[in-house]
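Chemist: Below you'll find final.pdb; it's PDB, C-alpha atoms.
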ATOM      1  CA  MET A   1       0.000   0.000   0.000
ATOM      2  CA  SER A   2       1.309   3.453  -0.848
ATOM      3  CA  THR A   3       1.615   6.082   1.838
ATOM      4  CA  PHE A   4      -1.350   7.905   0.449
ATOM      5  CA  ASP A   5      -3.544   4.837   0.568
ATOM      6  CA  SER A   6      -2.491   4.087   4.148
ATOM      7  CA  LYS A   7      -3.434   7.572   5.233
ATOM      8  CA  HIS A   8      -6.708   7.384   3.382
ATOM      9  CA  ALA A   9      -7.510   4.022   4.944
ATOM     10  CA  ALA A  10      -6.623   5.319   8.394
ATOM     11  CA  GLY A  11      -8.928   8.304   7.842
ATOM     12  CA  LEU A  12     -11.822   6.086   6.845
ATOM     13  CA  HIS A  13     -11.076   3.853   9.757
ATOM     14  CA  ARG A  14     -11.317   6.743  12.203
ATOM     15  CA  HIS A  15     -14.537   7.834  10.616
ATOM     16  CA  ILE A  16     -16.395   4.582  10.998
ATOM     17  CA  HIS A  17     -15.059   3.820  14.454
ATOM     18  CA  SER A  18     -15.484   5.715  17.699
ATOM     19  CA  HIS A  19     -15.005   9.421  17.303
ATOM     20  CA  LEU A  20     -11.541  10.282  18.457
ATOM     21  CA  PRO A  21     -11.809  12.813  21.306
ATOM     22  CA  SER A  22      -9.951  16.106  21.171
ATOM     23  CA  ASP A  23      -6.292  16.254  22.114
ATOM     24  CA  ALA A  24      -7.206  17.881  25.439
ATOM     25  CA  ALA A  25      -9.816  15.223  26.220
ATOM     26  CA  LEU A  26      -7.280  12.461  25.498
ATOM     27  CA  ARG A  27      -4.713  14.112  27.774
ATOM     28  CA  VAL A  28      -7.267  14.299  30.589
ATOM     29  CA  LYS A  29      -8.257  10.658  30.110
ATOM     30  CA  THR A  30      -4.558   9.847  30.246
ATOM     31  CA  LEU A  31      -4.062  11.699  33.528
ATOM     32  CA  GLU A  32      -7.179  10.248  35.108
ATOM     33  CA  SER A  33      -6.505   6.646  34.135
ATOM     34  CA  LEU A  34      -2.873   6.789  35.328
ATOM     35  CA  ALA A  35      -3.747   8.552  38.589
ATOM     36  CA  VAL A  36      -6.471   6.003  39.337
ATOM     37  CA  GLU A  37      -4.245   3.058  38.435
ATOM     38  CA  LYS A  38      -1.493   4.287  40.714
ATOM     39  CA  GLY A  39      -3.989   4.782  43.526
ATOM     40  CA  LEU A  40      -3.504   8.552  43.660
ATOM     41  CA  ILE A  41      -7.209   9.282  43.321
ATOM     42  CA  ALA A  42     -10.440   7.277  43.364
ATOM     43  CA  PRO A  43     -12.458   7.252  40.129
ATOM     44  CA  GLU A  44     -15.773   7.690  41.949
ATOM     45  CA  THR A  45     -14.423  10.898  43.510
ATOM     46  CA  ILE A  46     -13.917  12.412  40.076
ATOM     47  CA  ASP A  47     -17.397  11.483  38.849
ATOM     48  CA  ALA A  48     -19.019  12.737  42.043
ATOM     49  CA  TRP A  49     -17.096  16.021  41.839
ATOM     50  CA  VAL A  50     -18.104  16.635  38.231
ATOM     51  CA  GLU A  51     -21.738  15.886  38.958
ATOM     52  CA  ALA A  52     -21.791  18.046  42.083
ATOM     53  CA  TYR A  53     -20.244  21.079  40.403
ATOM     54  CA  SER A  54     -22.175  20.686  37.172
ATOM     55  CA  GLU A  55     -25.564  20.262  38.816
ATOM     56  CA  HIS A  56     -25.780  20.907  42.527
ATOM     57  CA  ILE A  57     -23.202  23.283  43.952
ATOM     58  CA  GLY A  58     -23.833  26.854  42.873
ATOM     59  CA  PRO A  59     -24.396  30.421  44.052
ATOM     60  CA  MET A  60     -27.650  29.476  45.798
ATOM     61  CA  ARG A  61     -25.483  28.242  48.642
ATOM     62  CA  GLY A  62     -23.845  31.626  49.065
ATOM     63  CA  ALA A  63     -27.229  33.315  48.740
ATOM     64  CA  THR A  64     -28.545  31.131  51.567
ATOM     65  CA  VAL A  65     -25.633  32.198  53.747
ATOM     66  CA  VAL A  66     -26.198  35.890  52.940
ATOM     67  CA  ALA A  67     -29.941  35.644  53.629
ATOM     68  CA  ARG A  68     -29.226  34.032  57.000
ATOM     69  CA  ALA A  69     -26.784  36.842  57.819
ATOM     70  CA  TRP A  70     -29.455  39.421  56.977
ATOM     71  CA  CYS A  71     -32.002  37.769  59.261
ATOM     72  CA  ASP A  72     -29.863  36.570  62.139
ATOM     73  CA  PRO A  73     -27.462  39.135  63.662
ATOM     74  CA  ALA A  74     -25.727  36.472  65.761
ATOM     75  CA  PHE A  75     -25.029  34.404  62.643
ATOM     76  CA  LYS A  76     -23.819  37.493  60.800
ATOM     77  CA  ALA A  77     -21.383  38.197  63.621
ATOM     78  CA  ARG A  78     -20.082  34.616  63.414
ATOM     79  CA  LEU A  79     -19.812  34.836  59.628
ATOM     80  CA  LEU A  80     -17.787  38.047  59.705
ATOM     81  CA  GLU A  81     -15.650  36.748  62.540
ATOM     82  CA  ASN A  82     -14.829  33.385  60.942
ATOM     83  CA  GLY A  83     -16.419  32.566  57.584
ATOM     84  CA  THR A  84     -14.853  29.105  57.427
ATOM     85  CA  ASP A  85     -16.591  28.010  60.626
ATOM     86  CA  ALA A  86     -19.845  29.802  59.840
ATOM     87  CA  ILE A  87     -20.468  27.985  56.527
ATOM     88  CA  ARG A  88     -19.898  24.680  58.336
ATOM     89  CA  GLU A  89     -23.265  25.305  59.986
ATOM     90  CA  PHE A  90     -24.755  24.659  56.520
ATOM     91  CA  GLY A  91     -22.379  21.836  55.581
ATOM     92  CA  PHE A  92     -20.965  24.074  52.828
ATOM     93  CA  GLU A  93     -17.312  23.720  53.733
ATOM     94  CA  GLY A  94     -15.066  22.440  50.987
ATOM     95  CA  ASN A  95     -11.419  21.637  50.925
ATOM     96  CA  ALA A  96     -10.878  23.577  47.734
ATOM     97  CA  THR A  97     -12.354  26.665  49.314
ATOM     98  CA  GLY A  98      -9.598  27.088  51.897
ATOM     99  CA  HIS A  99     -10.280  29.687  54.544
ATOM    100  CA  LEU A 100     -13.244  31.911  53.896
ATOM    101  CA  LYS A 101     -13.430  35.559  54.851
ATOM    102  CA  ALA A 102     -16.782  37.310  54.563
ATOM    103  CA  VAL A 103     -16.621  41.058  53.877
ATOM    104  CA  GLU A 104     -19.655  43.245  54.305
ATOM    105  CA  ASN A 105     -20.783  46.070  52.052
ATOM    106  CA  THR A 106     -21.941  49.209  53.828
ATOM    107  CA  ASP A 107     -23.242  52.605  52.752
ATOM    108  CA  ASP A 108     -19.683  53.882  52.419
ATOM    109  CA  THR A 109     -17.705  50.757  51.431
ATOM    110  CA  HIS A 110     -17.998  48.416  48.504
ATOM    111  CA  ASN A 111     -16.070  45.140  48.422
ATOM    112  CA  MET A 112     -14.922  43.393  45.282
ATOM    113  CA  VAL A 113     -13.098  40.065  44.915
ATOM    114  CA  VAL A 114     -10.480  38.957  42.389
ATOM    115  CA  CYS A 115      -7.714  36.389  42.103
ATOM    116  CA  THR A 116      -4.904  38.242  40.362
ATOM    117  CA  LEU A 117      -2.716  35.120  40.194
ATOM    118  CA  CYS A 118      -5.108  32.559  38.742
ATOM    119  CA  SER A 119      -8.729  31.829  39.648
ATOM    120  CA  CYS A 120      -9.012  31.087  43.389
ATOM    121  CA  TYR A 121     -12.699  31.262  44.278
ATOM    122  CA  PRO A 122     -14.972  30.003  47.089
ATOM    123  CA  PHE A 123     -16.223  27.058  44.991
ATOM    124  CA  SER A 124     -18.053  25.290  47.790
ATOM    125  CA  ILE A 125     -20.468  28.190  48.290
ATOM    126  CA  LEU A 126     -20.560  29.857  44.848
ATOM    127  CA  GLY A 127     -20.006  26.894  42.529
ATOM    128  CA  MET A 128     -17.769  27.297  39.494
ATOM    129  CA  SER A 129     -16.520  30.790  38.785
ATOM    130  CA  PRO A 130     -17.932  32.703  35.824
ATOM    131  CA  ALA A 131     -15.777  32.930  32.688
ATOM    132  CA  TRP A 132     -15.008  36.623  33.246
ATOM    133  CA  TYR A 133     -13.608  35.916  36.730
ATOM    134  CA  LYS A 134     -10.926  33.722  35.142
ATOM    135  CA  SER A 135     -10.120  36.190  32.351
ATOM    136  CA  ALA A 136      -6.796  38.000  32.213
ATOM    137  CA  ALA A 137      -8.698  41.269  31.719
ATOM    138  CA  TYR A 138     -10.627  41.004  34.981
ATOM    139  CA  ARG A 139      -7.632  39.736  36.962
ATOM    140  CA  ALA A 140      -5.553  42.725  35.851
ATOM    141  CA  ARG A 141      -8.156  45.474  35.753
ATOM    142  CA  ALA A 142     -10.058  44.727  38.970
ATOM    143  CA  VAL A 143      -7.069  45.964  40.947
ATOM    144  CA  ARG A 144      -5.891  48.699  38.591
ATOM    145  CA  GLU A 145      -9.232  50.340  37.825
ATOM    146  CA  PRO A 146     -11.983  48.800  39.936
ATOM    147  CA  ARG A 147     -14.417  51.660  39.375
ATOM    148  CA  ALA A 148     -14.162  51.365  35.602
ATOM    149  CA  VAL A 149     -14.714  47.613  35.840
ATOM    150  CA  LEU A 150     -17.693  48.126  38.153
ATOM    151  CA  ALA A 151     -19.190  50.637  35.712
ATOM    152  CA  GLU A 152     -19.020  48.018  32.945
ATOM    153  CA  PHE A 153     -20.876  45.619  35.219
ATOM    154  CA  GLY A 154     -23.553  48.292  35.556
ATOM    155  CA  VAL A 155     -22.555  49.375  39.066
ATOM    156  CA  ASP A 156     -22.801  53.123  39.409
ATOM    157  CA  LEU A 157     -20.685  53.701  42.483
ATOM    158  CA  PRO A 158     -20.879  57.174  44.041
ATOM    159  CA  GLU A 159     -17.510  58.873  44.532
ATOM    160  CA  ASP A 160     -17.920  58.880  48.298
ATOM    161  CA  VAL A 161     -18.195  55.097  48.447
ATOM    162  CA  ALA A 162     -14.772  53.509  48.906
ATOM    163  CA  VAL A 163     -13.860  50.344  46.995
ATOM    164  CA  ARG A 164     -11.891  47.588  48.682
ATOM    165  CA  VAL A 165     -10.488  44.953  46.358
ATOM    166  CA  TRP A 166      -9.654  41.602  47.961
ATOM    167  CA  ASP A 167      -7.074  39.439  46.200
ATOM    168  CA  SER A 168      -7.870  35.743  46.770
ATOM    169  CA  THR A 169      -5.268  33.079  47.325
ATOM    170  CA  ALA A 170      -5.344  29.306  47.525
ATOM    171  CA  GLU A 171      -5.524  29.623  51.303
ATOM    172  CA  LEU A 172      -7.885  32.563  51.708
ATOM    173  CA  ARG A 173     -11.011  33.265  49.670
ATOM    174  CA  TYR A 174     -13.723  35.863  50.017
ATOM    175  CA  LEU A 175     -17.493  36.217  50.097
ATOM    176  CA  VAL A 176     -19.038  39.657  49.760
ATOM    177  CA  VAL A 177     -22.117  40.161  51.923
ATOM    178  CA  PRO A 178     -24.221  42.639  49.941
ATOM    179  CA  GLN A 179     -26.601  45.096  51.621
ATOM    180  CA  ARG A 180     -30.156  43.975  52.213
ATOM    181  CA  PRO A 181     -32.416  46.027  49.953
ATOM    182  CA  ALA A 182     -35.270  48.155  51.232
ATOM    183  CA  GLY A 183     -38.735  46.720  50.769
ATOM    184  CA  THR A 184     -37.793  43.250  52.006
ATOM    185  CA  GLU A 185     -38.914  43.702  55.598
ATOM    186  CA  GLY A 186     -40.582  40.575  56.938
ATOM    187  CA  TRP A 187     -39.321  38.319  54.126
ATOM    188  CA  ASP A 188     -38.194  34.846  55.101
ATOM    189  CA  GLU A 189     -34.701  33.579  54.330
ATOM    190  CA  GLU A 190     -35.758  31.595  51.283
ATOM    191  CA  ARG A 191     -37.392  34.586  49.649
ATOM    192  CA  LEU A 192     -34.422  36.779  50.498
ATOM    193  CA  ALA A 193     -31.933  34.261  49.104
ATOM    194  CA  ALA A 194     -33.702  34.388  45.740
ATOM    195  CA  ILE A 195     -32.712  38.032  45.196
ATOM    196  CA  VAL A 196     -29.020  37.611  46.053
ATOM    197  CA  THR A 197     -27.166  37.502  42.744
ATOM    198  CA  ARG A 198     -23.923  35.624  42.246
ATOM    199  CA  ASN A 199     -22.163  38.798  41.123
ATOM    200  CA  SER A 200     -23.244  40.621  44.287
ATOM    201  CA  MET A 201     -21.324  38.011  46.292
ATOM    202  CA  ILE A 202     -18.205  38.625  44.161
ATOM    203  CA  GLY A 203     -18.751  42.363  44.322
ATOM    204  CA  THR A 204     -19.445  43.095  40.661
ATOM    205  CA  ASP A 205     -23.075  43.864  41.513
ATOM    206  CA  ARG A 206     -24.096  46.120  44.396
ATOM    207  CA  VAL A 207     -27.708  47.231  44.616
ATOM    208  CA  LEU A 208     -30.052  44.267  44.954
ATOM    209  CA  ARG A 209     -33.700  44.735  44.165
ATOM    210  CA  ALA A 210     -36.681  43.494  46.113
ATOM    211  CA  GLY A 211     -38.556  43.207  42.811
ATOM    212  CA  ALA A 212     -36.141  40.620  41.455
ATOM    213  CA  ALA A 213     -37.759  37.725  43.337
TER     214      ALA A 213
ATOM    215  CA  MET B   1     -16.200  44.710  28.053
ATOM    216  CA  PHE B   2     -17.887  43.288  31.170
ATOM    217  CA  ARG B   3     -21.659  43.214  31.393
ATOM    218  CA  PRO B   4     -24.187  43.216  34.214
ATOM    219  CA  GLU B   5     -25.513  39.832  35.298
ATOM    220  CA  ASN B   6     -29.071  39.113  34.280
ATOM    221  CA  PRO B   7     -30.593  37.135  37.150
ATOM    222  CA  PHE B   8     -33.449  36.022  34.890
ATOM    223  CA  ALA B   9     -31.259  34.621  32.127
ATOM    224  CA  PRO B  10     -31.289  30.845  31.713
ATOM    225  CA  ARG B  11     -28.277  29.270  33.375
ATOM    226  CA  ASP B  12     -25.334  28.684  31.066
ATOM    227  CA  PRO B  13     -23.805  25.240  31.217
ATOM    228  CA  VAL B  14     -21.108  25.363  33.885
ATOM    229  CA  PHE B  15     -18.539  23.684  31.642
ATOM    230  CA  GLU B  16     -18.237  23.934  27.873
ATOM    231  CA  GLU B  17     -16.728  20.468  27.599
ATOM    232  CA  ALA B  18     -16.596  17.479  29.917
ATOM    233  CA  TRP B  19     -12.791  17.411  30.023
ATOM    234  CA  GLN B  20     -12.740  20.906  31.522
ATOM    235  CA  ALA B  21     -14.720  19.680  34.526
ATOM    236  CA  GLN B  22     -12.493  16.616  34.799
ATOM    237  CA  VAL B  23      -9.304  18.698  34.901
ATOM    238  CA  LEU B  24     -10.563  20.637  37.916
ATOM    239  CA  ALA B  25     -11.984  17.493  39.517
ATOM    240  CA  ILE B  26      -8.655  15.685  39.241
ATOM    241  CA  ALA B  27      -6.721  18.726  40.472
ATOM    242  CA  ASP B  28      -9.028  19.150  43.478
ATOM    243  CA  SER B  29      -8.861  15.427  44.261
ATOM    244  CA  MET B  30      -5.050  15.471  44.084
ATOM    245  CA  VAL B  31      -4.972  18.409  46.494
ATOM    246  CA  ARG B  32      -7.357  16.666  48.884
ATOM    247  CA  ALA B  33      -5.307  13.471  48.685
ATOM    248  CA  GLY B  34      -2.186  15.497  49.511
ATOM    249  CA  ARG B  35      -0.407  14.760  46.196
ATOM    250  CA  PHE B  36       0.306  18.475  45.829
ATOM    251  CA  SER B  37      -0.845  21.563  47.723
ATOM    252  CA  ALA B  38      -3.471  24.149  46.867
ATOM    253  CA  ASN B  39      -0.645  26.689  46.742
ATOM    254  CA  ASP B  40       1.313  24.576  44.250
ATOM    255  CA  TRP B  41      -1.786  24.462  42.097
ATOM    256  CA  ALA B  42      -2.417  28.220  42.256
ATOM    257  CA  GLU B  43       1.216  29.062  41.521
ATOM    258  CA  THR B  44       1.560  26.633  38.635
ATOM    259  CA  LEU B  45      -1.743  27.701  37.104
ATOM    260  CA  GLY B  46      -0.836  31.371  37.586
ATOM    261  CA  ALA B  47       2.463  30.815  35.749
ATOM    262  CA  GLU B  48       0.712  28.958  32.905
ATOM    263  CA  LEU B  49      -1.862  31.726  32.547
ATOM    264  CA  ALA B  50       0.872  34.362  32.501
ATOM    265  CA  ARG B  51       2.695  32.381  29.822
ATOM    266  CA  ALA B  52      -0.473  32.064  27.732
ATOM    267  CA  GLU B  53      -1.106  35.785  28.012
ATOM    268  CA  ALA B  54       2.513  36.666  27.144
ATOM    269  CA  SER B  55       2.387  34.460  24.062
ATOM    270  CA  GLY B  56      -0.692  36.290  22.794
ATOM    271  CA  LYS B  57      -3.278  33.547  23.307
ATOM    272  CA  PRO B  58      -6.865  34.852  23.330
ATOM    273  CA  ASP B  59      -8.347  35.750  26.725
ATOM    274  CA  THR B  60     -10.966  32.994  26.615
ATOM    275  CA  THR B  61     -12.308  30.144  28.696
ATOM    276  CA  GLY B  62     -10.627  27.761  26.252
ATOM    277  CA  THR B  63      -7.220  29.307  26.959
ATOM    278  CA  TYR B  64      -7.918  29.099  30.694
ATOM    279  CA  TYR B  65      -8.684  25.385  30.651
ATOM    280  CA  GLU B  66      -5.722  24.653  28.361
ATOM    281  CA  ALA B  67      -3.537  26.311  31.002
ATOM    282  CA  ALA B  68      -5.258  24.306  33.740
ATOM    283  CA  LEU B  69      -4.593  21.057  31.862
ATOM    284  CA  ALA B  70      -0.932  21.925  31.299
ATOM    285  CA  SER B  71      -0.628  22.791  35.010
ATOM    286  CA  LEU B  72      -2.103  19.460  36.027
ATOM    287  CA  GLU B  73       0.364  17.606  33.777
ATOM    288  CA  THR B  74       3.270  19.614  35.189
ATOM    289  CA  LEU B  75       2.306  19.033  38.824
ATOM    290  CA  THR B  76       1.447  15.372  38.314
ATOM    291  CA  THR B  77       4.821  14.566  36.774
ATOM    292  CA  ALA B  78       6.641  16.751  39.319
ATOM    293  CA  SER B  79       4.966  15.356  42.439
ATOM    294  CA  THR B  80       3.956  11.770  41.693
ATOM    295  CA  ALA B  81       5.581   8.656  40.223
ATOM    296  CA  ILE B  82       3.907   9.378  36.874
ATOM    297  CA  THR B  83       6.509  10.456  34.294
ATOM    298  CA  PRO B  84       6.164  12.462  31.066
ATOM    299  CA  LEU B  85       6.904   9.208  29.214
ATOM    300  CA  ASP B  86       3.988   7.518  31.028
ATOM    301  CA  LEU B  87       1.739  10.332  29.830
ATOM    302  CA  ALA B  88       2.906  10.062  26.221
ATOM    303  CA  THR B  89       2.595   6.267  26.169
ATOM    304  CA  ARG B  90      -0.838   6.249  27.753
ATOM    305  CA  LYS B  91      -2.134   8.947  25.416
ATOM    306  CA  ALA B  92      -0.974   6.919  22.419
ATOM    307  CA  ASP B  93      -2.745   3.874  23.915
ATOM    308  CA  TRP B  94      -5.994   5.770  24.331
ATOM    309  CA  THR B  95      -5.765   7.090  20.796
ATOM    310  CA  ARG B  96      -5.310   3.564  19.465
ATOM    311  CA  ALA B  97      -8.120   2.258  21.651
ATOM    312  CA  TYR B  98     -10.517   4.833  20.230
ATOM    313  CA  GLN B  99      -9.461   4.094  16.698
ATOM    314  CA  ARG B 100     -10.039   0.384  17.236
ATOM    315  CA  THR B 101     -13.403   0.614  18.931
ATOM    316  CA  PRO B 102     -16.487   0.415  16.733
ATOM    317  CA  HIS B 103     -18.790   3.362  17.217
ATOM    318  CA  GLY B 104     -21.229   2.891  20.084
ATOM    319  CA  GLN B 105     -19.097   0.411  22.018
ATOM    320  CA  PRO B 106     -17.284   1.266  25.233
ATOM    321  CA  VAL B 107     -13.675   2.251  24.692
ATOM    322  CA  ASP B 108     -11.164   0.514  26.884
ATOM    323  CA  LEU B 109      -7.423   0.268  26.907
ATOM    324  CA  ALA B 110      -7.431  -3.485  26.311
ATOM    325  CA  ARG B 111      -8.219  -2.712  22.694
ATOM    326  CA  ALA B 112      -5.014  -0.772  22.338
ATOM    327  CA  ARG B 113      -2.968  -3.575  23.829
ATOM    328  CA  SER B 114      -4.578  -6.899  23.031
ATOM    329  CA  SER B 115      -3.826  -7.123  19.336
ATOM    330  CA  ASP B 116      -2.260  -5.166  16.546
ATOM    331  CA  THR B 117      -5.140  -5.953  14.268
ATOM    332  CA  PRO B 118      -7.875  -3.357  14.252
ATOM    333  CA  ASP B 119     -11.462  -4.528  14.567
ATOM    334  CA  ARG B 120     -13.362  -4.793  11.362
TER     335      ARG B 120
END
Output the file's structure as structure tokens, nothing else.

Modeler:
Amino acid sequence: MSTFDSKHAAGLHRHIHSHLPSDAALRVKTLESLAVEKGLIAPETIDAWVEAYSEHIGPMRGATVVARAWCDPAFKARLLENGTDAIREFGFEGNATGHLKAVENTDDTHNMVVCTLCSCYPFSILGMSPAWYKSAAYRARAVREPRAVLAEFGVDLPEDVAVRVWDSTAELRYLVVPQRPAGTEGWDEERLAAIVTRNSMIGTDRVLRAGAA
Amino acid sequence: MFRPENPFAPRDPVFEEAWQAQVLAIADSMVRAGRFSANDWAETLGAELARAEASGKPDTTGTYYEAALASLETLTTASTAITPLDLATRKADWTRAYQRTPHGQPVDLARARSSDTPDR
């Protein structure tokens, strides 16, 4: 068989057999199968992780924590004092989240979170980070020009409100506690949690609306 | 360039491709199992992202996960008994296994190893 024919035959062969995954997918399969074989990780752990983060673990967890803080001053005090311990009360702790520090927005301070190095994020209470959080643009600009970034996110921050930017690390991650909006007096925690946006807990959203629920 | 979040928008899929989720799952599991530390992961990923940015790669989710995958390969070969040669050999085995598996059947490595004759 000539070289051309061999290539042609190989092409046809690929076509009628299982679709060859992408290079990246093959590299991941390689890593996973070797790590499992060598006993470094358990295969069921990987599947459970993927399912949990694809389907179950998301910003609703953080919203639940924020709503509790709004309703329960003693919990809020515990949360601000030691976020890592406070989210244990919900079973939301996660090894990949490291230590958690909750920072509270007030009338004169706005908090905003970034990971300038890579993409450290409180996964166990906010789920996977949004694409923009991982972007080079956000990681660089959030520190350099936070007000301009906030404006693009639609946050019109008055000049007399100070911005504090918190740079996450593998060991210390942040949760912004947004301000409870007016018009939500008497709401229960579940109803309150429904108006807490993911971005408000990262600090790229500020004014929550009672009408959003 | 950034846009406000629309709380009423339908939820985007969390991952664009399954392998992206698996990279983070493996990395997190390795950290939990003590194979490398969370700091090692952050520093290696940070260096990969900086390299991608310096080489002019687009600022996209795809670039991010490529960097994450490269970081996982780097840390795995640096901190476990798995070598770069193991990775290359196993990847070639998987490629062969896929090529030898008729569509619709489960792909397993035995197909890459058992015989040199592809299935018909």

Chemist: Find the residues near region 65-77 of chain B: any atom within 7 Å, counting all atoms listed in the file, skip ones fewer than 3 places away on the same chain, and give them as number ranges by chain.

Modeler: B: 20, 23, 27, 44-45, 48-49, 61-62, 80-84

Chemist: Mind telling me what the PyMOL selection byres ((chain B) within 6 of (chain A)) catches here, as a ChimeraX atom specification?

Modeler: /B:2-4,14,19,21,25,38-39,46,59,61,90-91,98-99,101-103

Chemist: At what distance in Å, to one decimal, does CA of Leu208 (chain A) lie from CA of Pro7 (chain B)?

Modeler: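 Separating CA of Pro7 (chain B) from CA of Leu208 (chain A) is a distance of 10.6 Å.
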
Chemist: Between CA of Trp41 (chain B) and CA of Ala78 (chain B), what is the spacing in Å?

Modeler: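 Separation of CA of Ala78 (chain B) and CA of Trp41 (chain B): 11.8 Å.
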
Chemist: Contacts of Asp93 (chain B) at 8 Å or less, counting only C-alpha atoms, minus same-chain residues fewer than 5 places along, as a ChimeraX atom specification?

Modeler: /B:109,112-113

Chemist: Could you give me, as a PDB file with C-alpha atoms, in the coordinates of the input, the residues within 10 Å of Asp160 (chain A), counting only C-alpha atoms and dropping anything in the same chain fewer than 6 positions from it?

Modeler:
ATOM      1  CA  ASP A 107     -23.242  52.605  52.752  1.00  0.00           C
ATOM      2  CA  ASP A 108     -19.683  53.882  52.419  1.00  0.00           C
ATOM      3  CA  THR A 109     -17.705  50.757  51.431  1.00  0.00           C
TER       4      THR A 109
END

Chemist: Quick check, in Å to one decimal: how far apart do CA of Trp70 (chain A) and CA of Arg164 (chain A) lie?

Modeler: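 Computing the Euclidean distance for CA of Trp70 (chain A) and CA of Arg164 (chain A) yields 21.1 Å.
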
Chemist: Using all atoms listed in the file, which residue out of A:Glu104, A:Asp85, A:Glu44, A:Glu185 lies closest to Gln22 (chain B)?

Modeler: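 Residue with the minimum atom-to-atom distance to Gln22 (chain B): A:Glu44.
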
Chemist: Select, from A:Val65, A:His110, A:Leu100, A:Ser168, the residue with the minimum atom-to-atom distance to Ala42 (chain B), counting only C-alpha atoms.

Modeler: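 That would be A:Ser168, the residue with the smallest distance to Ala42 (chain B).
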
Chemist: Quick one: which residues end up in the PyMOL selection byres ((chain A and resi 183) around 9) for this structure, as a list of chain:residue names?

Modeler: A:Pro181, A:Ala182, A:Thr184, A:Glu185, A:Gly186, A:Arg209, A:Ala210, A:Gly211

Chemist: Within 10 Å of (-15.6, 38.1, 59.8) (file coordinates; all atoms listed in the file), which protein or nucleic acid residues are there? I'd like them as a list of chain:residue names.

Modeler: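 The distance filter leaves exactly A:Lys76, A:Ala77, A:Arg78, A:Leu79, A:Leu80, A:Glu81, A:Asn82, A:Gly83, A:Thr84, A:Ala86, A:Leu100, A:Lys101, A:Ala102, A:Val103, A:Glu104.
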
Chemist: So for region 26-34 of chain B, what box centre and size do we get, axis-aligned, 4 Å extra on each of the six sides, every listed atom, Å to one decimal, as lines of an AutoDock Vina configuration file?

Modeler:
center_x = -5.6
center_y = 16.3
center_z = 44.4
size_x = 14.8
size_y = 13.7
size_z = 18.3

Chemist: Let me make sure I understand: among A:Ala52, A:Val143, A:Leu192, A:Val66, which one has the smallest atom-to-atom distance to Asp167 (chain A) if we use only C-alpha atoms?

Modeler: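 Of A:Ala52, A:Val143, A:Leu192, A:Val66, the one nearest Asp167 (chain A) is A:Val143, counting only C-alpha atoms.
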